[in-house]
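target_18.cif follows; it contains mmCIF, C-alpha atoms and all ligand atoms.
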```cif
data_data
#
loop_
_atom_site.label_atom_id
_atom_site.label_comp_id
_atom_site.auth_asym_id
_atom_site.auth_seq_id
_atom_site.Cartn_x
_atom_site.Cartn_y
_atom_site.Cartn_z
CA MET A 1 37.81 -43.37 77.93
CA PHE A 2 36.65 -40.72 75.47
CA LEU A 3 38.21 -37.72 77.28
CA SER A 4 40.62 -38.06 80.16
CA ILE A 5 41.80 -35.07 82.16
CA GLU A 6 44.54 -36.26 84.49
CA LYS A 7 46.08 -34.30 87.33
CA VAL A 8 45.87 -31.04 85.40
CA THR A 9 47.14 -27.89 87.10
CA LYS A 10 47.39 -24.32 85.87
CA GLN A 11 49.47 -21.49 87.21
CA PHE A 12 49.31 -17.88 86.04
CA LYS A 13 51.72 -15.11 86.92
CA ASN A 14 49.98 -12.60 89.19
CA ARG A 15 50.61 -8.83 89.24
CA GLU A 16 53.73 -9.26 91.39
CA ASN A 17 54.98 -11.74 88.80
CA LYS A 18 54.57 -14.61 91.25
CA ALA A 19 53.12 -17.92 90.08
CA GLU A 20 49.56 -18.35 91.34
CA THR A 21 47.78 -21.70 91.14
CA VAL A 22 44.30 -21.31 89.63
CA LEU A 23 43.62 -25.01 88.96
CA THR A 24 44.91 -27.92 91.00
CA ASP A 25 44.65 -31.70 90.57
CA ILE A 26 41.85 -31.68 88.02
CA ASP A 27 40.91 -35.29 87.31
CA LEU A 28 37.89 -35.89 85.12
CA GLN A 29 36.83 -38.71 82.82
CA VAL A 30 34.15 -38.03 80.22
CA LYS A 31 32.35 -40.80 78.34
CA GLU A 32 31.42 -40.54 74.69
CA GLY A 33 27.97 -38.98 74.23
CA GLU A 34 27.88 -37.51 77.75
CA PHE A 35 26.69 -34.01 78.59
CA VAL A 36 28.91 -32.74 81.41
CA SER A 37 28.44 -29.34 83.04
CA ILE A 38 31.13 -27.51 84.96
CA LEU A 39 29.58 -25.38 87.69
CA GLY A 40 31.23 -23.19 90.29
CA PRO A 41 31.66 -19.71 91.73
CA SER A 42 33.16 -16.88 89.74
CA GLY A 43 36.92 -17.17 89.44
CA CYS A 44 37.15 -20.91 90.27
CA GLY A 45 38.74 -21.57 86.89
CA LYS A 46 35.84 -22.98 84.80
CA SER A 47 36.76 -20.99 81.68
CA THR A 48 40.46 -21.69 82.17
CA LEU A 49 39.74 -25.43 82.34
CA LEU A 50 37.58 -25.31 79.20
CA SER A 51 40.21 -23.25 77.40
CA ILE A 52 42.86 -25.83 78.36
CA VAL A 53 40.68 -28.63 76.93
CA ALA A 54 40.20 -26.51 73.78
CA GLY A 55 43.99 -26.16 73.50
CA LEU A 56 43.75 -22.36 73.64
CA THR A 57 45.48 -22.09 77.05
CA PRO A 58 48.49 -24.30 77.88
CA HIS A 59 48.25 -26.25 81.15
CA THR A 60 51.16 -26.25 83.58
CA THR A 61 51.24 -29.95 84.52
CA GLY A 62 49.12 -33.02 83.89
CA GLU A 63 47.74 -34.70 80.79
CA LEU A 64 44.70 -34.46 78.53
CA ILE A 65 43.80 -37.40 76.32
CA LEU A 66 40.97 -37.30 73.76
CA GLN A 67 40.08 -40.49 71.88
CA GLY A 68 43.45 -42.00 72.81
CA LYS A 69 45.50 -39.00 71.64
CA GLN A 70 47.32 -36.58 73.87
CA LEU A 71 46.02 -33.06 73.38
CA LYS A 72 48.52 -30.35 72.52
CA GLY A 73 47.19 -27.06 71.15
CA PRO A 74 43.87 -26.58 69.34
CA GLY A 75 42.47 -29.08 66.86
CA LYS A 76 39.36 -29.60 64.77
CA GLU A 77 38.18 -32.53 66.91
CA ARG A 78 37.09 -29.82 69.39
CA GLY A 79 34.49 -27.15 68.58
CA MET A 80 33.94 -24.13 70.79
CA VAL A 81 30.93 -21.91 71.50
CA PHE A 82 31.56 -18.75 73.56
CA GLN A 83 29.22 -16.39 75.42
CA GLN A 84 29.27 -13.98 72.47
CA ALA A 85 28.28 -15.43 69.10
CA ALA A 86 31.03 -13.43 67.27
CA LEU A 87 29.54 -13.80 63.77
CA PHE A 88 30.97 -11.97 60.75
CA PRO A 89 28.54 -9.07 60.23
CA TRP A 90 29.29 -8.78 56.50
CA LEU A 91 28.37 -12.42 55.81
CA THR A 92 24.89 -13.95 55.79
CA VAL A 93 23.87 -16.52 58.41
CA GLU A 94 24.48 -19.34 55.94
CA GLU A 95 27.88 -17.94 54.90
CA ASN A 96 28.91 -17.66 58.55
CA VAL A 97 28.25 -21.37 59.05
CA MET A 98 29.96 -22.22 55.75
CA PHE A 99 33.03 -20.08 56.49
CA PRO A 100 35.14 -22.61 58.43
CA LEU A 101 34.09 -25.39 56.02
CA ARG A 102 35.31 -23.73 52.84
CA LYS A 103 38.93 -24.96 53.25
CA GLU A 104 37.83 -28.59 53.08
CA LEU A 105 34.58 -28.69 51.13
CA SER A 106 33.31 -27.42 47.79
CA LYS A 107 30.86 -24.53 47.96
CA LYS A 108 27.95 -26.88 47.24
CA ASP A 109 28.93 -29.37 49.96
CA ALA A 110 29.62 -26.59 52.48
CA GLN A 111 26.20 -25.11 51.74
CA GLU A 112 24.50 -28.46 52.18
CA ARG A 113 26.28 -29.00 55.50
CA ALA A 114 25.38 -25.47 56.65
CA HIS A 115 21.72 -26.06 55.83
CA LYS A 116 21.68 -29.35 57.72
CA TYR A 117 22.88 -27.67 60.93
CA LEU A 118 20.83 -24.49 60.49
CA SER A 119 17.81 -26.76 60.23
CA LEU A 120 18.86 -28.57 63.42
CA VAL A 121 18.89 -25.25 65.34
CA GLN A 122 15.60 -24.32 63.63
CA LEU A 123 16.97 -21.40 61.64
CA SER A 124 16.55 -22.56 58.04
CA PRO A 125 14.24 -19.64 57.14
CA TYR A 126 16.98 -17.18 58.19
CA ALA A 127 19.83 -18.60 56.07
CA LYS A 128 20.02 -15.53 53.81
CA HIS A 129 19.61 -12.98 56.63
CA SER A 130 22.39 -10.84 58.06
CA PRO A 131 23.37 -11.58 61.66
CA HIS A 132 22.19 -8.11 62.77
CA GLU A 133 18.64 -9.02 61.69
CA LEU A 134 18.62 -11.83 64.27
CA SER A 135 18.06 -11.63 68.05
CA GLY A 136 20.92 -12.50 70.44
CA GLY A 137 19.47 -15.96 71.04
CA MET A 138 19.18 -16.65 67.31
CA GLN A 139 22.76 -15.47 66.76
CA GLN A 140 23.89 -17.90 69.43
CA ARG A 141 22.01 -20.68 67.61
CA VAL A 142 24.00 -19.77 64.47
CA SER A 143 27.25 -20.08 66.40
CA ILE A 144 26.15 -23.53 67.67
CA ALA A 145 25.36 -24.56 64.06
CA ARG A 146 28.77 -23.21 62.95
CA ALA A 147 30.61 -25.24 65.61
CA LEU A 148 28.61 -28.42 64.86
CA ALA A 149 29.04 -28.13 61.10
CA MET A 150 32.76 -28.85 61.58
CA ASP A 151 31.67 -32.18 63.09
CA PRO A 152 33.88 -31.99 66.19
CA ALA A 153 34.06 -35.06 68.44
CA LEU A 154 33.76 -32.78 71.47
CA LEU A 155 31.70 -29.60 71.76
CA LEU A 156 32.96 -27.08 74.33
CA MET A 157 30.53 -24.39 75.47
CA ASP A 158 31.59 -21.52 77.74
CA GLU A 159 28.53 -19.84 79.32
CA PRO A 160 26.85 -19.86 75.89
CA PHE A 161 23.55 -18.49 77.22
CA GLY A 162 25.00 -16.22 79.91
CA ALA A 163 24.12 -13.01 78.06
CA LEU A 164 20.51 -13.96 77.30
CA ASP A 165 17.28 -13.21 79.15
CA GLU A 166 15.47 -15.98 81.04
CA GLN A 167 12.89 -16.79 78.33
CA THR A 168 15.41 -16.88 75.50
CA ARG A 169 17.62 -19.03 77.69
CA SER A 170 14.79 -21.52 78.17
CA ARG A 171 14.18 -21.67 74.44
CA LEU A 172 17.91 -22.26 73.84
CA HIS A 173 17.89 -25.09 76.40
CA GLU A 174 15.21 -26.82 74.33
CA VAL A 175 17.21 -26.31 71.13
CA LEU A 176 20.43 -27.57 72.74
CA GLU A 177 18.68 -30.59 74.23
CA GLU A 178 17.37 -31.48 70.79
CA VAL A 179 20.82 -30.97 69.22
CA PHE A 180 22.33 -33.19 71.91
CA LEU A 181 19.79 -35.99 71.45
CA GLU A 182 19.97 -35.77 67.65
CA THR A 183 23.78 -35.55 67.18
CA LYS A 184 24.79 -37.60 70.28
CA LYS A 185 27.73 -35.21 70.69
CA THR A 186 29.85 -35.21 73.79
CA ILE A 187 29.41 -31.78 75.41
CA LEU A 188 31.44 -29.98 78.07
CA PHE A 189 29.40 -27.01 79.22
CA VAL A 190 30.48 -24.21 81.58
CA THR A 191 27.73 -22.45 83.50
CA HIS A 192 27.00 -20.37 86.61
CA SER A 193 23.43 -21.62 86.73
CA ILE A 194 22.48 -24.62 88.87
CA HIS A 195 19.13 -24.86 87.07
CA GLU A 196 20.74 -24.90 83.67
CA ALA A 197 23.16 -27.63 84.77
CA LEU A 198 20.36 -29.72 86.31
CA LYS A 199 18.19 -29.37 83.22
CA LEU A 200 20.81 -30.26 80.65
CA SER A 201 23.51 -32.51 82.10
CA ASP A 202 24.20 -36.18 82.63
CA ARG A 203 26.82 -35.20 85.20
CA ILE A 204 27.65 -31.97 87.00
CA VAL A 205 31.21 -31.17 88.02
CA VAL A 206 31.03 -28.80 91.00
CA MET A 207 34.19 -26.72 91.34
CA GLY A 208 35.53 -24.82 94.32
CA THR A 209 37.90 -21.93 94.44
CA GLN A 210 41.27 -20.85 95.86
CA PRO A 211 42.66 -22.76 94.12
CA GLY A 212 40.18 -24.04 91.54
CA ARG A 213 39.50 -27.72 92.12
CA ILE A 214 36.75 -30.31 91.78
CA LEU A 215 34.59 -30.59 94.91
CA ASP A 216 32.16 -33.20 93.67
CA VAL A 217 30.87 -34.85 90.52
CA ILE A 218 27.13 -35.45 90.56
CA GLU A 219 25.50 -38.04 88.34
CA LEU A 220 21.94 -37.27 87.17
CA ASP A 221 20.44 -40.50 86.10
CA PHE A 222 16.98 -39.24 85.10
CA PRO A 223 15.16 -39.47 81.80
CA ARG A 224 14.89 -36.34 79.64
CA PRO A 225 13.16 -33.90 79.54
CA ARG A 226 14.14 -33.16 83.12
CA GLU A 227 11.01 -31.16 84.01
CA GLN A 228 9.34 -34.47 84.84
CA ALA A 229 11.90 -35.19 87.56
CA ARG A 230 11.52 -31.82 89.25
CA GLU A 231 11.09 -33.18 92.80
CA GLU A 232 14.17 -35.39 92.66
CA LEU A 233 16.19 -32.57 91.16
CA VAL A 234 15.42 -30.32 94.15
CA LYS A 235 17.49 -32.68 96.34
CA TYR A 236 20.45 -32.30 94.00
CA GLU A 237 19.93 -28.56 93.90
CA ASP A 238 20.13 -28.37 97.72
CA ARG A 239 23.30 -30.50 97.73
CA ILE A 240 24.99 -28.25 95.14
CA LYS A 241 23.86 -25.07 96.92
CA GLY A 242 25.40 -26.43 100.14
CA LEU A 243 28.72 -27.11 98.40
CA LEU A 244 28.79 -23.69 96.73
CA LYS A 245 27.74 -21.79 99.85
CA SER A 246 30.80 -22.89 101.82
CA GLU A 247 32.97 -21.88 98.84
CA ILE A 248 31.40 -18.43 98.57
CA ASP A 249 31.78 -17.97 102.36
CA LYS A 250 35.50 -18.67 101.93
CA VAL A 251 35.80 -16.04 99.17
CA ILE A 252 34.03 -13.45 101.35
CA GLU A 253 36.29 -14.29 104.31
CA LYS A 254 39.42 -13.87 102.16
CA GLU A 255 38.18 -10.54 100.81
CA GLN A 256 37.52 -9.32 104.38
CA GLN A 257 41.01 -10.41 105.50
CA TYR A 258 42.51 -8.57 102.53
CA ALA A 259 40.50 -5.41 103.28
CA THR A 260 41.49 -5.33 106.98
CA SER A 261 45.18 -6.00 106.21
CA ARG A 262 45.41 -2.82 104.09
N1 LIG B 301 45.48 -14.87 81.42
C1 LIG B 301 45.41 -14.85 82.74
N2 LIG B 301 46.43 -14.36 83.48
C2 LIG B 301 46.39 -14.37 84.83
N3 LIG B 301 45.35 -14.85 85.55
C3 LIG B 301 44.30 -15.33 84.86
C4 LIG B 301 44.27 -15.38 83.43
N4 LIG B 301 43.09 -15.94 83.04
C5 LIG B 301 42.42 -16.25 84.19
N5 LIG B 301 43.14 -15.88 85.27
C6 LIG B 301 42.75 -16.06 86.68
O1 LIG B 301 42.38 -17.40 86.85
C7 LIG B 301 41.28 -17.52 87.76
C8 LIG B 301 40.19 -18.31 87.12
O2 LIG B 301 39.57 -17.54 86.07
P1 LIG B 301 38.44 -18.12 85.13
O3 LIG B 301 38.01 -17.05 84.20
O4 LIG B 301 38.89 -19.40 84.55
O5 LIG B 301 37.30 -18.42 86.20
P2 LIG B 301 35.76 -18.72 85.97
O6 LIG B 301 35.39 -19.73 87.00
O7 LIG B 301 35.50 -19.06 84.55
O8 LIG B 301 35.12 -17.31 86.33
P3 LIG B 301 33.77 -16.64 85.76
O9 LIG B 301 32.67 -17.55 86.17
O10 LIG B 301 33.73 -15.33 86.51
O11 LIG B 301 33.92 -16.49 84.29
C9 LIG B 301 40.89 -16.09 88.13
O12 LIG B 301 41.45 -15.78 89.38
C10 LIG B 301 41.50 -15.26 87.03
O13 LIG B 301 41.84 -13.99 87.52
#
```

Once more with this new file: its structure as structure tokens, please.
Ligand SMILES: Nc1ncnc2c1ncn2[C@@H]1O[C@H](COP(=O)(O)OP(=O)(O)OP(=O)(O)O)[C@@H](O)[C@H]1O
Amino acid sequence: MFLSIEKVTKQFKNRENKAETVLTDIDLQVKEGEFVSILGPSGCGKSTLLSIVAGLTPHTTGELILQGKQLKGPGKERGMVFQQAALFPWLTVEENVMFPLRKELSKKDAQERAHKYLSLVQLSPYAKHSPHELSGGMQQRVSIARALAMDPALLLMDEPFGALDEQTRSRLHEVLEEVFLETKKTILFVTHSIHEALKLSDRIVVMGTQPGRILDVIELDFPRPREQAREELVKYEDRIKGLLKSEIDKVIEKEQQYATSR
């Protein structure tokens, strides 16, 4: 298996310094070249899980194996894209993409690689621009190019389009779909949006809360682009909404109990 997440749990210390379980028994197998979305209510541990896979947050128990190797700490086989593009404002677009490559490649090779990925996200004409001259959506495309230019085996994306308006988001879906089909990268993608997950993924991992755990894994065996399968997707949408509704009801109930106990 390309990526194996086995019985992973995570505990954080809460404000009273007591261990609180935020992820329990996370088991997930990801095949090479798969696009897997992680969907769930706020606070169910999506970002924590992605951060554990990235090696940025240590897990408490369990194992993570990528391409046969146990994961411990960060590594260049994993690239990360966050909600905020976080580009260096004093560097050009091209220099931002080249920046992480400069340790390993000559300037000429780094520039060639940067151009290849800027072209893939359709930003070649903006290579010499400053990040502040670009819209939020374009900046996020630069950060995708920067992550891909390192040629990671696994691309991790944490709500990458969460801060963008609906139209820009749609445009970015098209760009990401093209990147996915072109590079055949394995992608683990965290999102709040059912539509986004249905549009982009091969499988959707639906998570529940208190503690964060996997409720269901839904396989979407439809040809891309997904717009053509709109009617079939509605059935999946209803199923996911049903799963999430009972989770959100539980959160509301717990909040009410907490409020009345004070
Ligand atoms: N460093 C930390 N210390 C203590 N608790 C944390 C820490 N990071 C996350 N948590 C807790 O872990 C739980 C899961 O948080 P996480 O951000 O992973 O959820 P999420 O599903 O990504 O939420 P959202 O969709 O709102 O971003 C939350 O209850 C959060 O308060």

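Taking only C-alpha atoms and all ligand atoms into account, the residues that come within 7 Å of ligand LIG 301 (chain B) are Phe12, Lys13, Asn14, Val22, Gly40, Pro41, Ser42, Gly43, Cys44, Gly45, Lys46, Ser47, Thr48, Leu49 and His192 of chain A.
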
- request: Find the residues around Glu159 of chain A up to 6 Å (all atoms listed in the file counted), leave out those fewer than 6 positions away in its own chain, and share them as a list in words.
  value: Gln83, Val190 and Thr191 of chain A

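Residue nearest Phe161 of chain A within the list A:Arg213, A:Lys185, A:Arg239, A:Arg141: A:Arg141 [criterion: smallest interatomic distance, all atoms listed in the file].
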
9 Å contact set for segment 177-184 of chain A, all atoms listed in the file, chain neighbours under 5 positions out, as a ChimeraX atom specification: /A:32-35,120-121,148,172,200,224-225

task: For atom CA of His132 of chain A and atom CA of Leu50 of chain A, determine how far apart the two atoms are, in Å to one decimal place.
output: 28.3 Å

- prompt: What separation in Å, quoted to one decimal, exists between atom CA of Leu118 of chain A and atom CA of Leu66 of chain A?
  reply: 27.3 Å

- request: Enter the distance from atom CA of Glu227 of chain A to atom CA of Ile204 of chain A, in Å, rounded to one decimal.
  value: 16.9 Å

- request: Can you work out which one of A:Phe189, A:Phe99, A:Phe222, A:Tyr117 has the shortest atom-to-atom distance to Leu155 of chain A, counting all atoms listed in the file?
  value: A:Phe189

- prompt: Within 7 Å of segment 205-208 of chain A, counting all atoms listed in the file, which residues qualify if same-chain residues fewer than 6 places away don't, as a ChimeraX atom specification?
  reply: /A:37-41,44,214-218,247

field: Residue with smallest distance to Met150 of chain A - pool A:Glu255, A:Glu232, A:Glu77, A:Asp221, counting only C-alpha atoms
entry: A:Glu77
